[in-house]
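What follows is the content of query-v2.pdb, which has PDB, C-alpha atoms:
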```pdb
MODEL        1
ATOM      1  CA  MET A   1      -6.475 -24.005 -15.037
ATOM      2  CA  ASN A   2      -5.797 -22.795 -11.491
ATOM      3  CA  VAL A   3      -6.634 -19.084 -11.993
ATOM      4  CA  PRO A   4      -8.998 -18.373 -14.916
ATOM      5  CA  GLY A   5      -8.049 -15.224 -16.819
ATOM      6  CA  GLN A   6      -5.862 -13.827 -19.572
ATOM      7  CA  TRP A   7      -2.604 -11.928 -20.056
ATOM      8  CA  GLN A   8      -2.692  -8.131 -19.912
ATOM      9  CA  LYS A   9      -1.534  -7.029 -23.363
ATOM     10  CA  LYS A  10      -0.503  -3.431 -22.681
ATOM     11  CA  VAL A  11       1.414  -2.305 -19.598
ATOM     12  CA  THR A  12       2.922   1.025 -18.579
ATOM     13  CA  VAL A  13       6.682   1.583 -18.608
ATOM     14  CA  TRP A  14       6.726   1.677 -14.791
ATOM     15  CA  ARG A  15       4.797  -1.584 -14.568
ATOM     16  CA  LYS A  16       7.251  -3.290 -16.926
ATOM     17  CA  ILE A  17      10.235  -1.934 -14.987
ATOM     18  CA  SER A  18       8.753  -2.905 -11.602
ATOM     19  CA  LEU A  19       8.012  -6.456 -12.766
ATOM     20  CA  ASN A  20      11.686  -6.855 -13.604
ATOM     21  CA  THR A  21      12.962  -5.047 -10.511
ATOM     22  CA  TRP A  22      11.365  -7.130  -7.754
ATOM     23  CA  THR A  23      10.644 -10.809  -7.376
ATOM     24  CA  THR A  24       7.541 -12.183  -5.623
ATOM     25  CA  PRO A  25       7.289  -9.705  -2.705
ATOM     26  CA  ASP A  26      10.773  -9.538  -1.277
ATOM     27  CA  ASN A  27      10.086  -6.666  -0.455
ATOM     28  CA  ALA A  28       7.993  -4.429  -2.742
ATOM     29  CA  THR A  29       5.560  -3.572   0.029
ATOM     30  CA  ILE A  30       3.700  -0.310   0.594
ATOM     31  CA  TYR A  31       1.270   0.527   3.387
ATOM     32  CA  GLY A  32      -1.785   2.715   3.743
ATOM     33  CA  LEU A  33      -4.143   3.967   6.453
ATOM     34  CA  LEU A  34      -7.766   5.045   6.017
ATOM     35  CA  ASP A  35     -10.074   6.439   8.720
ATOM     36  CA  VAL A  36     -13.762   5.908   7.985
ATOM     37  CA  ASP A  37     -16.825   7.412   9.663
ATOM     38  CA  ILE A  38     -19.136   4.405   9.949
ATOM     39  CA  GLY A  39     -22.129   6.043  11.614
ATOM     40  CA  ASP A  40     -24.388   5.638   8.572
ATOM     41  CA  LEU A  41     -22.914   2.203   7.883
ATOM     42  CA  GLN A  42     -23.903   0.996  11.362
ATOM     43  CA  ASP A  43     -27.504   2.023  10.708
ATOM     44  CA  TYR A  44     -27.412   0.379   7.278
ATOM     45  CA  LEU A  45     -26.021  -2.886   8.660
ATOM     46  CA  LYS A  46     -28.602  -2.975  11.447
ATOM     47  CA  GLU A  47     -31.423  -2.475   8.942
ATOM     48  CA  LYS A  48     -29.960  -5.038   6.549
ATOM     49  CA  SER A  49     -29.586  -7.602   9.349
ATOM     50  CA  GLU A  50     -33.175  -7.119  10.498
ATOM     51  CA  LYS A  51     -34.510  -7.295   6.947
ATOM     52  CA  THR A  52     -32.607 -10.431   5.893
ATOM     53  CA  GLY A  53     -32.312 -12.254   9.201
ATOM     54  CA  VAL A  54     -28.549 -12.530   8.631
ATOM     55  CA  LYS A  55     -26.144 -10.669  10.916
ATOM     56  CA  CYS A  56     -24.166  -8.291   8.713
ATOM     57  CA  THR A  57     -21.005  -6.618  10.035
ATOM     58  CA  ILE A  58     -18.438  -4.095   8.925
ATOM     59  CA  THR A  59     -16.239  -6.957   7.667
ATOM     60  CA  HIS A  60     -18.946  -7.995   5.223
ATOM     61  CA  ALA A  61     -19.397  -4.378   4.097
ATOM     62  CA  VAL A  62     -15.646  -4.025   3.517
ATOM     63  CA  THR A  63     -15.616  -7.285   1.558
ATOM     64  CA  ARG A  64     -18.474  -6.114  -0.650
ATOM     65  CA  SER A  65     -16.838  -2.698  -1.139
ATOM     66  CA  LEU A  66     -13.433  -4.095  -2.042
ATOM     67  CA  ALA A  67     -14.969  -6.646  -4.411
ATOM     68  CA  ILE A  68     -16.912  -3.883  -6.187
ATOM     69  CA  LEU A  69     -13.729  -1.834  -6.616
ATOM     70  CA  LEU A  70     -11.679  -4.765  -7.921
ATOM     71  CA  ARG A  71     -14.390  -5.409 -10.508
ATOM     72  CA  ARG A  72     -14.416  -1.721 -11.449
ATOM     73  CA  TYR A  73     -10.624  -1.624 -11.754
ATOM     74  CA  PRO A  74      -9.373  -4.874 -13.358
ATOM     75  CA  ASP A  75      -5.780  -3.586 -13.310
ATOM     76  CA  CYS A  76      -5.855  -4.092  -9.518
ATOM     77  CA  ASN A  77      -7.416  -7.564  -9.671
ATOM     78  CA  VAL A  78      -4.319  -9.313 -10.932
ATOM     79  CA  LEU A  79      -1.645 -11.911 -10.359
ATOM     80  CA  VAL A  80       2.062 -11.618 -11.191
ATOM     81  CA  ARG A  81       3.112 -14.607 -13.292
ATOM     82  CA  ARG A  82       6.587 -14.921 -14.776
ATOM     83  CA  ARG A  83       7.160 -11.182 -14.191
ATOM     84  CA  LYS A  84       4.089 -10.348 -16.233
ATOM     85  CA  ILE A  85       0.572  -9.346 -15.198
ATOM     86  CA  TRP A  86      -2.241 -11.874 -15.356
ATOM     87  CA  LEU A  87      -5.722 -10.322 -15.230
ATOM     88  CA  ARG A  88      -7.993 -12.387 -13.029
ATOM     89  CA  ARG A  89     -11.386 -13.331 -14.385
ATOM     90  CA  ASP A  90     -13.053 -13.554 -10.959
ATOM     91  CA  VAL A  91     -13.004 -11.418  -7.815
ATOM     92  CA  ASP A  92     -12.418 -13.782  -4.884
ATOM     93  CA  ILE A  93     -11.838 -12.439  -1.356
ATOM     94  CA  PHE A  94     -10.032 -14.483   1.313
ATOM     95  CA  HIS A  95     -10.788 -14.111   5.036
ATOM     96  CA  GLN A  96      -8.655 -15.274   7.935
ATOM     97  CA  VAL A  97     -10.461 -17.595  10.361
ATOM     98  CA  ALA A  98      -9.205 -18.310  13.888
ATOM     99  CA  ILE A  99      -9.301 -22.023  14.720
ATOM    100  CA  PRO A 100      -9.327 -22.953  18.439
ATOM    101  CA  VAL A 101      -6.603 -25.381  19.494
ATOM    102  CA  LYS A 102      -8.068 -28.271  21.458
ATOM    103  CA  GLY A 103      -7.023 -28.158  25.095
ATOM    104  CA  GLU A 104      -5.200 -24.816  24.639
ATOM    105  CA  LYS A 105      -7.457 -21.888  25.580
ATOM    106  CA  ALA A 106      -4.702 -19.345  24.997
ATOM    107  CA  LYS A 107      -3.863 -20.594  21.504
ATOM    108  CA  ALA A 108      -5.521 -20.477  18.102
ATOM    109  CA  ASP A 109      -4.456 -21.657  14.677
ATOM    110  CA  LEU A 110      -5.233 -19.760  11.481
ATOM    111  CA  GLY A 111      -7.299 -20.999   8.589
ATOM    112  CA  GLY A 112      -9.305 -19.203   5.976
ATOM    113  CA  ALA A 113     -12.414 -19.012   3.855
ATOM    114  CA  THR A 114     -12.603 -17.595   0.343
ATOM    115  CA  ILE A 115     -15.734 -15.909  -0.971
ATOM    116  CA  ARG A 116     -15.804 -16.665  -4.678
ATOM    117  CA  LYS A 117     -17.109 -14.019  -7.106
ATOM    118  CA  ALA A 118     -17.693 -11.687  -4.183
ATOM    119  CA  ASP A 119     -18.570  -8.813  -6.509
ATOM    120  CA  THR A 120     -21.733 -10.645  -7.571
ATOM    121  CA  LYS A 121     -23.014 -11.123  -4.007
ATOM    122  CA  GLN A 122     -24.887  -8.747  -1.724
ATOM    123  CA  ILE A 123     -23.769  -8.136   1.856
ATOM    124  CA  ASP A 124     -26.210 -10.597   3.410
ATOM    125  CA  GLU A 125     -25.118 -13.304   0.943
ATOM    126  CA  ILE A 126     -21.468 -12.649   1.811
ATOM    127  CA  ALA A 127     -22.285 -12.717   5.546
ATOM    128  CA  SER A 128     -24.229 -15.959   5.310
ATOM    129  CA  GLU A 129     -21.627 -17.729   3.187
ATOM    130  CA  LEU A 130     -18.688 -16.553   5.278
ATOM    131  CA  ARG A 131     -20.352 -17.652   8.513
ATOM    132  CA  GLU A 132     -21.087 -21.093   7.062
ATOM    133  CA  ARG A 133     -17.587 -21.457   5.670
ATOM    134  CA  ALA A 134     -15.957 -20.306   8.921
ATOM    135  CA  GLU A 135     -17.950 -22.854  10.922
ATOM    136  CA  LYS A 136     -16.723 -25.619   8.628
ATOM    137  CA  VAL A 137     -13.132 -24.386   8.927
ATOM    138  CA  ARG A 138     -13.283 -24.401  12.736
ATOM    139  CA  ALA A 139     -14.875 -27.858  12.698
ATOM    140  CA  LYS A 140     -12.190 -28.994  10.230
ATOM    141  CA  LYS A 141     -14.890 -30.022   7.774
ATOM    142  CA  ASP A 142     -13.948 -27.674   4.955
ATOM    143  CA  GLY A 143     -13.135 -30.497   2.569
ATOM    144  CA  GLN A 144      -9.938 -30.273   0.578
ATOM    145  CA  MET A 145      -8.578 -27.354   2.605
ATOM    146  CA  ALA A 146      -8.805 -29.392   5.830
ATOM    147  CA  LYS A 147      -6.903 -32.234   4.168
ATOM    148  CA  THR A 148      -4.248 -29.810   2.932
ATOM    149  CA  ARG A 149      -3.728 -28.337   6.432
ATOM    150  CA  LYS A 150      -3.399 -31.840   7.862
ATOM    151  CA  THR A 151      -0.806 -32.732   5.236
ATOM    152  CA  MET A 152       1.175 -29.537   5.877
ATOM    153  CA  LEU A 153       1.164 -30.210   9.620
ATOM    154  CA  SER A 154       2.601 -33.686   9.090
ATOM    155  CA  LEU A 155       5.487 -32.494   6.908
ATOM    156  CA  PRO A 156       8.953 -32.010   8.456
ATOM    157  CA  THR A 157       9.848 -28.329   8.898
ATOM    158  CA  PHE A 158      12.824 -28.486   6.505
ATOM    159  CA  LEU A 159      10.610 -29.954   3.787
ATOM    160  CA  LEU A 160       7.597 -27.655   4.191
ATOM    161  CA  LYS A 161       9.368 -24.621   2.744
ATOM    162  CA  TRP A 162      10.133 -26.425  -0.503
ATOM    163  CA  VAL A 163       6.658 -27.961  -0.736
ATOM    164  CA  LEU A 164       5.099 -24.492  -0.422
ATOM    165  CA  LYS A 165       7.422 -23.159  -3.121
ATOM    166  CA  LEU A 166       6.621 -26.087  -5.409
ATOM    167  CA  ILE A 167       2.869 -25.666  -4.973
ATOM    168  CA  GLY A 168       3.143 -21.918  -5.570
ATOM    169  CA  TRP A 169       5.225 -22.475  -8.694
ATOM    170  CA  LEU A 170       2.778 -25.023 -10.092
ATOM    171  CA  GLN A 171      -0.375 -23.092  -9.184
ATOM    172  CA  TYR A 172       0.651 -19.538  -9.943
ATOM    173  CA  THR A 173       3.728 -19.529 -12.167
ATOM    174  CA  LEU A 174       2.545 -22.354 -14.427
ATOM    175  CA  ASN A 175      -1.181 -21.866 -13.604
ATOM    176  CA  PHE A 176      -1.771 -25.589 -13.120
ATOM    177  CA  LYS A 177      -4.563 -26.938 -10.963
ATOM    178  CA  VAL A 178      -2.815 -29.115  -8.355
ATOM    179  CA  PRO A 179      -5.138 -32.093  -7.655
ATOM    180  CA  THR A 180      -4.521 -32.250  -3.892
ATOM    181  CA  VAL A 181      -4.749 -28.483  -3.257
ATOM    182  CA  PRO A 182      -7.845 -26.205  -3.474
ATOM    183  CA  ARG A 183      -7.913 -24.034  -6.613
ATOM    184  CA  ASP A 184      -6.544 -20.533  -6.099
ATOM    185  CA  SER A 185      -6.941 -20.774  -2.323
ATOM    186  CA  PHE A 186      -6.325 -17.103  -1.495
ATOM    187  CA  GLY A 187      -7.999 -15.230  -4.336
ATOM    188  CA  SER A 188      -7.654 -11.578  -5.311
ATOM    189  CA  ALA A 189      -7.279  -9.983  -1.866
ATOM    190  CA  MET A 190      -7.421 -10.730   1.860
ATOM    191  CA  VAL A 191      -9.689  -9.071   4.423
ATOM    192  CA  THR A 192      -9.044  -9.584   8.133
ATOM    193  CA  ALA A 193     -10.941  -8.101  11.082
ATOM    194  CA  VAL A 194      -8.655  -7.385  14.042
ATOM    195  CA  GLY A 195     -11.101  -5.024  15.738
ATOM    196  CA  MET A 196     -12.820  -7.954  17.435
ATOM    197  CA  PHE A 197      -9.626  -8.361  19.465
ATOM    198  CA  GLY A 198      -9.697  -4.708  20.508
ATOM    199  CA  ILE A 199      -6.901  -3.792  18.108
ATOM    200  CA  LYS A 200      -7.305  -0.279  16.758
ATOM    201  CA  LEU A 201      -4.501  -0.311  14.207
ATOM    202  CA  ALA A 202      -2.300  -3.021  12.708
ATOM    203  CA  TYR A 203      -0.512  -3.904   9.472
ATOM    204  CA  ALA A 204      -0.263  -7.406   8.031
ATOM    205  CA  PRO A 205       2.665  -8.797   6.025
ATOM    206  CA  LEU A 206       2.212  -9.964   2.467
ATOM    207  CA  VAL A 207       2.073 -13.767   2.381
ATOM    208  CA  THR A 208       4.501 -14.623  -0.389
ATOM    209  CA  PHE A 209       3.268 -18.111  -1.241
ATOM    210  CA  SER A 210      -0.319 -16.819  -1.593
ATOM    211  CA  ARG A 211       0.642 -14.271  -4.292
ATOM    212  CA  VAL A 212      -2.097 -11.961  -2.936
ATOM    213  CA  PRO A 213      -1.185  -8.285  -3.605
ATOM    214  CA  ILE A 214      -3.775  -6.645  -1.304
ATOM    215  CA  ILE A 215      -4.340  -7.270   2.409
ATOM    216  CA  LEU A 216      -6.893  -5.103   4.200
ATOM    217  CA  LEU A 217      -7.193  -5.058   8.009
ATOM    218  CA  VAL A 218     -10.283  -3.703   9.748
ATOM    219  CA  GLY A 219      -9.579  -2.199  13.172
ATOM    220  CA  ALA A 220     -11.730  -1.599  16.241
ATOM    221  CA  ILE A 221     -14.592   0.887  16.125
ATOM    222  CA  GLU A 222     -14.331   3.754  18.590
ATOM    223  CA  ASP A 223     -15.922   7.131  19.198
ATOM    224  CA  ARG A 224     -13.549   9.956  18.261
ATOM    225  CA  PRO A 225     -13.767  13.739  17.991
ATOM    226  CA  VAL A 226     -13.844  14.852  14.356
ATOM    227  CA  VAL A 227     -14.600  18.117  12.574
ATOM    228  CA  ARG A 228     -17.873  18.312  10.638
ATOM    229  CA  ASP A 229     -18.954  21.622   9.058
ATOM    230  CA  GLY A 230     -16.483  23.509  11.248
ATOM    231  CA  GLN A 231     -17.753  21.913  14.461
ATOM    232  CA  VAL A 232     -16.122  19.252  16.636
ATOM    233  CA  VAL A 233     -18.471  16.285  17.009
ATOM    234  CA  ILE A 234     -18.142  12.713  18.272
ATOM    235  CA  ARG A 235     -18.466  10.059  15.574
ATOM    236  CA  PRO A 236     -17.938   6.264  15.416
ATOM    237  CA  MET A 237     -14.690   5.832  13.500
ATOM    238  CA  CYS A 238     -12.816   2.821  12.194
ATOM    239  CA  SER A 239      -9.193   2.693  11.049
ATOM    240  CA  MET A 240      -8.427   0.390   8.146
ATOM    241  CA  THR A 241      -4.940  -0.439   6.974
ATOM    242  CA  ALA A 242      -3.725  -1.864   3.696
ATOM    243  CA  THR A 243      -0.576  -3.768   2.791
ATOM    244  CA  LEU A 244       0.039  -3.663  -0.952
ATOM    245  CA  ASP A 245       2.405  -5.162  -3.519
ATOM    246  CA  HIS A 246       3.994  -2.111  -5.176
ATOM    247  CA  ARG A 247       4.701  -4.075  -8.349
ATOM    248  CA  ILE A 248       0.959  -3.991  -8.951
ATOM    249  CA  ILE A 249      -0.506  -1.174  -6.839
ATOM    250  CA  ASP A 250       1.110   2.256  -7.138
ATOM    251  CA  GLY A 251       0.209   5.539  -5.439
ATOM    252  CA  PHE A 252      -2.373   6.504  -8.062
ATOM    253  CA  GLN A 253      -4.191   3.180  -7.858
ATOM    254  CA  ALA A 254      -3.980   3.058  -4.061
ATOM    255  CA  GLY A 255      -5.399   6.567  -3.780
ATOM    256  CA  ARG A 256      -8.222   5.731  -6.162
ATOM    257  CA  LEU A 257      -9.127   2.565  -4.261
ATOM    258  CA  ALA A 258      -8.919   4.280  -0.862
ATOM    259  CA  GLY A 259     -11.023   7.240  -1.955
ATOM    260  CA  GLU A 260     -13.796   5.116  -3.409
ATOM    261  CA  LEU A 261     -13.694   2.625  -0.534
ATOM    262  CA  LYS A 262     -14.314   5.512   1.853
ATOM    263  CA  ILE A 263     -17.258   6.737  -0.239
ATOM    264  CA  LEU A 264     -18.856   3.285  -0.381
ATOM    265  CA  LEU A 265     -18.574   2.770   3.379
ATOM    266  CA  GLU A 266     -19.732   6.268   4.317
ATOM    267  CA  LYS A 267     -22.624   6.142   1.810
ATOM    268  CA  PRO A 268     -23.600   2.482   2.312
ATOM    269  CA  GLU A 269     -26.751   2.701   0.184
ATOM    270  CA  LEU A 270     -24.333   2.532  -2.775
ATOM    271  CA  LEU A 271     -23.408  -1.020  -1.765
ATOM    272  CA  ASP A 272     -26.764  -2.214  -3.075
ATOM    273  CA  LYS A 273     -25.791  -1.127  -6.592
ATOM    274  CA  GLU A 274     -23.867  -3.125  -9.157
ATOM    275  CA  PRO A 275     -20.239  -2.106  -9.917
ATOM    276  CA  GLN A 276     -21.085  -0.892 -13.429
ATOM    277  CA  ASP A 277     -23.795   1.423 -12.058
ATOM    278  CA  LEU A 278     -21.542   3.368  -9.694
ATOM    279  CA  ASP A 279     -19.587   5.654 -12.027
ATOM    280  CA  ALA A 280     -21.660   8.790 -11.385
ATOM    281  CA  SER A 281     -21.941   8.193  -7.619
ATOM    282  CA  LEU A 282     -18.231   7.611  -7.092
ATOM    283  CA  ALA A 283     -17.211  10.519  -9.303
ATOM    284  CA  LYS A 284     -18.767  13.012  -6.882
TER     285      LYS A 284
ENDMDL
END
```
Mind converting the file's structure to structure tokens?
Amino acid sequence: MNVPGQWQKKVTVWRKISLNTWTTPDNATIYGLLDVDIGDLQDYLKEKSEKTGVKCTITHAVTRSLAILLRRYPDCNVLVRRRKIWLRRDVDIFHQVAIPVKGEKAKADLGGATIRKADTKQIDEIASELRERAEKVRAKKDGQMAKTRKTMLSLPTFLLKWVLKLIGWLQYTLNFKVPTVPRDSFGSAMVTAVGMFGIKLAYAPLVTFSRVPIILLVGAIEDRPVVRDGQVVIRPMCSMTATLDHRIIDGFQAGRLAGELKILLEKPELLDKEPQDLDASLAK
């Protein structure tokens, strides 16, 4: 089985209508923007890095936060199969990884690393695993994924489109494990940090063959004037943007996820708790 899980038995009227209105994103896309005060998070990450010996960043905190929320809200951790909703068993988060192109300083290819069962891992575990996986991706030693990229590169352009569609159909529509392709390569959601490139705000497109319904971009951190207790103060702020598949994520769900994501990042001590222990903290 490519994606372990089970069918959702009861769906809302809107969900049933939306599943029969749009095909795999073409284009049922909605966008969101969230500004987060990360002053306390910076202190938390510094302390966590010193304590564990593993450099922890805002990307790792966002990954942990999103994984917690997808575990708390299974109706957002899903896959559309045959115009029905498939509830994922695991929370896996995919990260884009830039791969230098040999002999081309101004160019970089894109690969990725998926953190499996991210909701069960603490920030330092996520940071350590992602760093190790990213190094393997850049060195082209990430096993089956490296072989898959090599195969895709060798295919003629006219043929690649149909190969991608075939793999997607086998893996996600039929839920078969394709022997030559990594299982469920892209997981539940994608997290990409663009702030390292100095980009304050950006939106990513949904990648149709990945079937991922949530893409979260983390922008650059900058000091901005904000109002706190009626006073204008300077705080370190970060803009995060989301691209969402509207067949799965509606305004209510998006608002719930955004609100609780903001709480988790602005009260980072909550990130040390397990998803099932957060009800009271996130209800405030």
**Request:** Output the residue selection produced by the PyMOL selection byres ((chain A and resi 200) around 6) on the file above, formatted as a PyMOL selection string.
**Result:** chain A and resi 199+201+219-220
Selection to disk with C-alpha atoms, as a CSV table (one decimal), in the frame of the given file:
```
chain,number,residue,atom,x,y,z
A,199,ILE,CA,-6.9,-3.8,18.1
A,201,LEU,CA,-4.5,-0.3,14.2
A,219,GLY,CA,-9.6,-2.2,13.2
A,220,ALA,CA,-11.7,-1.6,16.2
```
Name the residues that the PyMOL selection byres ((chain A and resi 39-42) around 9) pulls out of this structure, and write them as a CSV table (one decimal) with C-alpha atoms, in the coordinates of the input.
```
chain,number,residue,atom,x,y,z
A,37,ASP,CA,-16.8,7.4,9.7
A,38,ILE,CA,-19.1,4.4,9.9
A,43,ASP,CA,-27.5,2.0,10.7
A,44,TYR,CA,-27.4,0.4,7.3
A,45,LEU,CA,-26.0,-2.9,8.7
A,46,LYS,CA,-28.6,-3.0,11.4
A,47,GLU,CA,-31.4,-2.5,8.9
A,57,THR,CA,-21.0,-6.6,10.0
A,58,ILE,CA,-18.4,-4.1,8.9
A,61,ALA,CA,-19.4,-4.4,4.1
A,235,ARG,CA,-18.5,10.1,15.6
A,236,PRO,CA,-17.9,6.3,15.4
A,237,MET,CA,-14.7,5.8,13.5
A,265,LEU,CA,-18.6,2.8,3.4
A,266,GLU,CA,-19.7,6.3,4.3
A,267,LYS,CA,-22.6,6.1,1.8
A,268,PRO,CA,-23.6,2.5,2.3
A,269,GLU,CA,-26.8,2.7,0.2
```
**Request:** Point out the residue among A:Leu33, A:Leu174, A:Ile126, A:Ala28 with the least atom-to-atom distance to Asn2 (chain A), counting all atoms listed in the file.
**Result:** A:Leu174
**Request:** May I have the protein, DNA and RNA residues with an atom at most 8 Å from (-3.7, -5.9, 10.0), counting all atoms listed in the file in the file's coordinates, returned as a ChimeraX atom specification?
**Result:** /A:192-194,201-204,215-219,241-242
With a cut-off of 6 Å, could you pull out the residues of region 24-106 of chain A touching region 5-13 of chain A and give me the nearest pair of atoms for each, distance in Å to one decimal, using all atoms listed in the file, ordered by chain and ascending number, as a tab-separated table?
```
residue	atom	partner	partner_atom	distance
A:Ile85	CA	A:Gln8	CA	5.9
A:Trp86	CA	A:Trp7	CA	4.7
A:Leu87	CA	A:Gln6	CA	5.6
A:Arg88	CA	A:Gly5	CA	4.7
A:Arg89	CA	A:Gly5	CA	4.5
```
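From CA of Ile123 (chain A) back to CA of Arg71 (chain A), the distance works out to 15.8 Å.
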So that each row is one residue of region 6-102 of chain A with an atom at most 8 Å from region 260-263 of chain A, can you give its shortest atom pair and the distance in Å to one decimal, using all atoms listed in the file, rows by chain and rising number, as CSV?
```
residue,atom,partner,partner_atom,distance
A:Leu34,CA,A:Lys262,CA,7.8
A:Val36,CA,A:Lys262,CA,6.2
A:Ser65,CA,A:Leu261,CA,6.2
A:Leu66,CA,A:Leu261,CA,6.9
A:Leu69,CA,A:Leu261,CA,7.5
```
**Of the listed residues A:Phe176, A:Phe197, A:Phe186, A:Phe209, that which approaches Trp162 (chain A) most closely, counting all atoms listed in the file** = A:Phe209
**Prompt:** Can you list, as a ChimeraX atom specification, every protein, DNA or RNA residue that comes within 10 Å of Leu79 (chain A) when you count only C-alpha atoms, leaving out same-chain residues fewer than 2 positions away?
**Reply:** /A:3,5,7,75-77,81-88,172-173,187-188,211-213,248
If you keep C-alpha atoms, can you produce a file of those selected residues as an mmCIF file, in the coordinates of the input?
```
data_model
loop_
_atom_site.group_PDB
_atom_site.id
_atom_site.type_symbol
_atom_site.label_atom_id
_atom_site.label_comp_id
_atom_site.auth_asym_id
_atom_site.auth_seq_id
_atom_site.Cartn_x
_atom_site.Cartn_y
_atom_site.Cartn_z
ATOM 1 C CA VAL A 3 -6.634 -19.084 -11.993
ATOM 2 C CA GLY A 5 -8.049 -15.224 -16.819
ATOM 3 C CA TRP A 7 -2.604 -11.928 -20.056
ATOM 4 C CA ASP A 75 -5.780 -3.586 -13.310
ATOM 5 C CA CYS A 76 -5.855 -4.092 -9.518
ATOM 6 C CA ASN A 77 -7.416 -7.564 -9.671
ATOM 7 C CA ARG A 81 3.112 -14.607 -13.292
ATOM 8 C CA ARG A 82 6.587 -14.921 -14.776
ATOM 9 C CA ARG A 83 7.160 -11.182 -14.191
ATOM 10 C CA LYS A 84 4.089 -10.348 -16.233
ATOM 11 C CA ILE A 85 0.572 -9.346 -15.198
ATOM 12 C CA TRP A 86 -2.241 -11.874 -15.356
ATOM 13 C CA LEU A 87 -5.722 -10.322 -15.230
ATOM 14 C CA ARG A 88 -7.993 -12.387 -13.029
ATOM 15 C CA TYR A 172 0.651 -19.538 -9.943
ATOM 16 C CA THR A 173 3.728 -19.529 -12.167
ATOM 17 C CA GLY A 187 -7.999 -15.230 -4.336
ATOM 18 C CA SER A 188 -7.654 -11.578 -5.311
ATOM 19 C CA ARG A 211 0.642 -14.271 -4.292
ATOM 20 C CA VAL A 212 -2.097 -11.961 -2.936
ATOM 21 C CA PRO A 213 -1.185 -8.285 -3.605
ATOM 22 C CA ILE A 248 0.959 -3.991 -8.951
#
```
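Minimum atom-to-atom distances from A:Val181, A:Val191, A:Leu170, A:Leu130 to Met152 (chain A) were compared using only C-alpha atoms, and the lowest value belongs to A:Val181.
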**Request:** Output the residue selection produced by the PyMOL selection byres ((chain A and resi 67) around 10) on the file above, formatted as a list in words.
**Result:**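 Residues picked by the PyMOL selection byres ((chain A and resi 67) around 10): Ala61, Val62, Thr63, Arg64, Ser65, Leu66, Ile68, Leu69, Leu70, Arg71, Arg72, Tyr73, Asn77, Asp90, Val91, Asp92, Ile93, Ile115, Lys117, Ala118, Asp119, Thr120, Lys121, Ser188, Ala189 and Pro275 of chain A.
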Can you write out the residues you just picked, keeping C-alpha atoms, as a PDB file, in the coordinates of the input?
```
ATOM      1  CA  ALA A  61     -19.397  -4.378   4.097  1.00  0.00           C
ATOM      2  CA  VAL A  62     -15.646  -4.025   3.517  1.00  0.00           C
ATOM      3  CA  THR A  63     -15.616  -7.285   1.558  1.00  0.00           C
ATOM      4  CA  ARG A  64     -18.474  -6.114  -0.650  1.00  0.00           C
ATOM      5  CA  SER A  65     -16.838  -2.698  -1.139  1.00  0.00           C
ATOM      6  CA  LEU A  66     -13.433  -4.095  -2.042  1.00  0.00           C
ATOM      7  CA  ILE A  68     -16.912  -3.883  -6.187  1.00  0.00           C
ATOM      8  CA  LEU A  69     -13.729  -1.834  -6.616  1.00  0.00           C
ATOM      9  CA  LEU A  70     -11.679  -4.765  -7.921  1.00  0.00           C
ATOM     10  CA  ARG A  71     -14.390  -5.409 -10.508  1.00  0.00           C
ATOM     11  CA  ARG A  72     -14.416  -1.721 -11.449  1.00  0.00           C
ATOM     12  CA  TYR A  73     -10.624  -1.624 -11.754  1.00  0.00           C
ATOM     13  CA  ASN A  77      -7.416  -7.564  -9.671  1.00  0.00           C
ATOM     14  CA  ASP A  90     -13.053 -13.554 -10.959  1.00  0.00           C
ATOM     15  CA  VAL A  91     -13.004 -11.418  -7.815  1.00  0.00           C
ATOM     16  CA  ASP A  92     -12.418 -13.782  -4.884  1.00  0.00           C
ATOM     17  CA  ILE A  93     -11.838 -12.439  -1.356  1.00  0.00           C
ATOM     18  CA  ILE A 115     -15.734 -15.909  -0.971  1.00  0.00           C
ATOM     19  CA  LYS A 117     -17.109 -14.019  -7.106  1.00  0.00           C
ATOM     20  CA  ALA A 118     -17.693 -11.687  -4.183  1.00  0.00           C
ATOM     21  CA  ASP A 119     -18.570  -8.813  -6.509  1.00  0.00           C
ATOM     22  CA  THR A 120     -21.733 -10.645  -7.571  1.00  0.00           C
ATOM     23  CA  LYS A 121     -23.014 -11.123  -4.007  1.00  0.00           C
ATOM     24  CA  SER A 188      -7.654 -11.578  -5.311  1.00  0.00           C
ATOM     25  CA  ALA A 189      -7.279  -9.983  -1.866  1.00  0.00           C
ATOM     26  CA  PRO A 275     -20.239  -2.106  -9.917  1.00  0.00           C
TER      27      PRO A 275
END
```
**Message:** Nearest residue to Asp245 (chain A) out of A:Arg224, A:Arg15, A:His95, A:Lys140, using only C-alpha atoms?
**Reply:** A:Arg15
**Request:** Have a look at CA of Arg138 (chain A) and CA of Val97 (chain A) and let me know their distance in Å, one decimal.
**Result:**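 If I compute the distance from CA of Arg138 (chain A) to CA of Val97 (chain A), I get 7.7 Å.
Between CA of Gly112 (chain A) and CA of Lys51 (chain A) the separation is 27.9 Å.
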**Item:** Residue among A:Glu132, A:Asp35, A:Glu125, A:Asp109 lying closest to Cys56 (chain A), counting only C-alpha atoms
**Value:**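 Checking each candidate against Cys56 (chain A), we get A:Glu125 as the closest.
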Listed atoms of region 205-216 of chain A boxed axis-aligned with 6 Å per side, centre + edges as JSON:
```
{"center_x": -1.2, "center_y": -11.6, "center_z": 0.9, "size_x": 23.4, "size_y": 25.0, "size_z": 22.3}
```
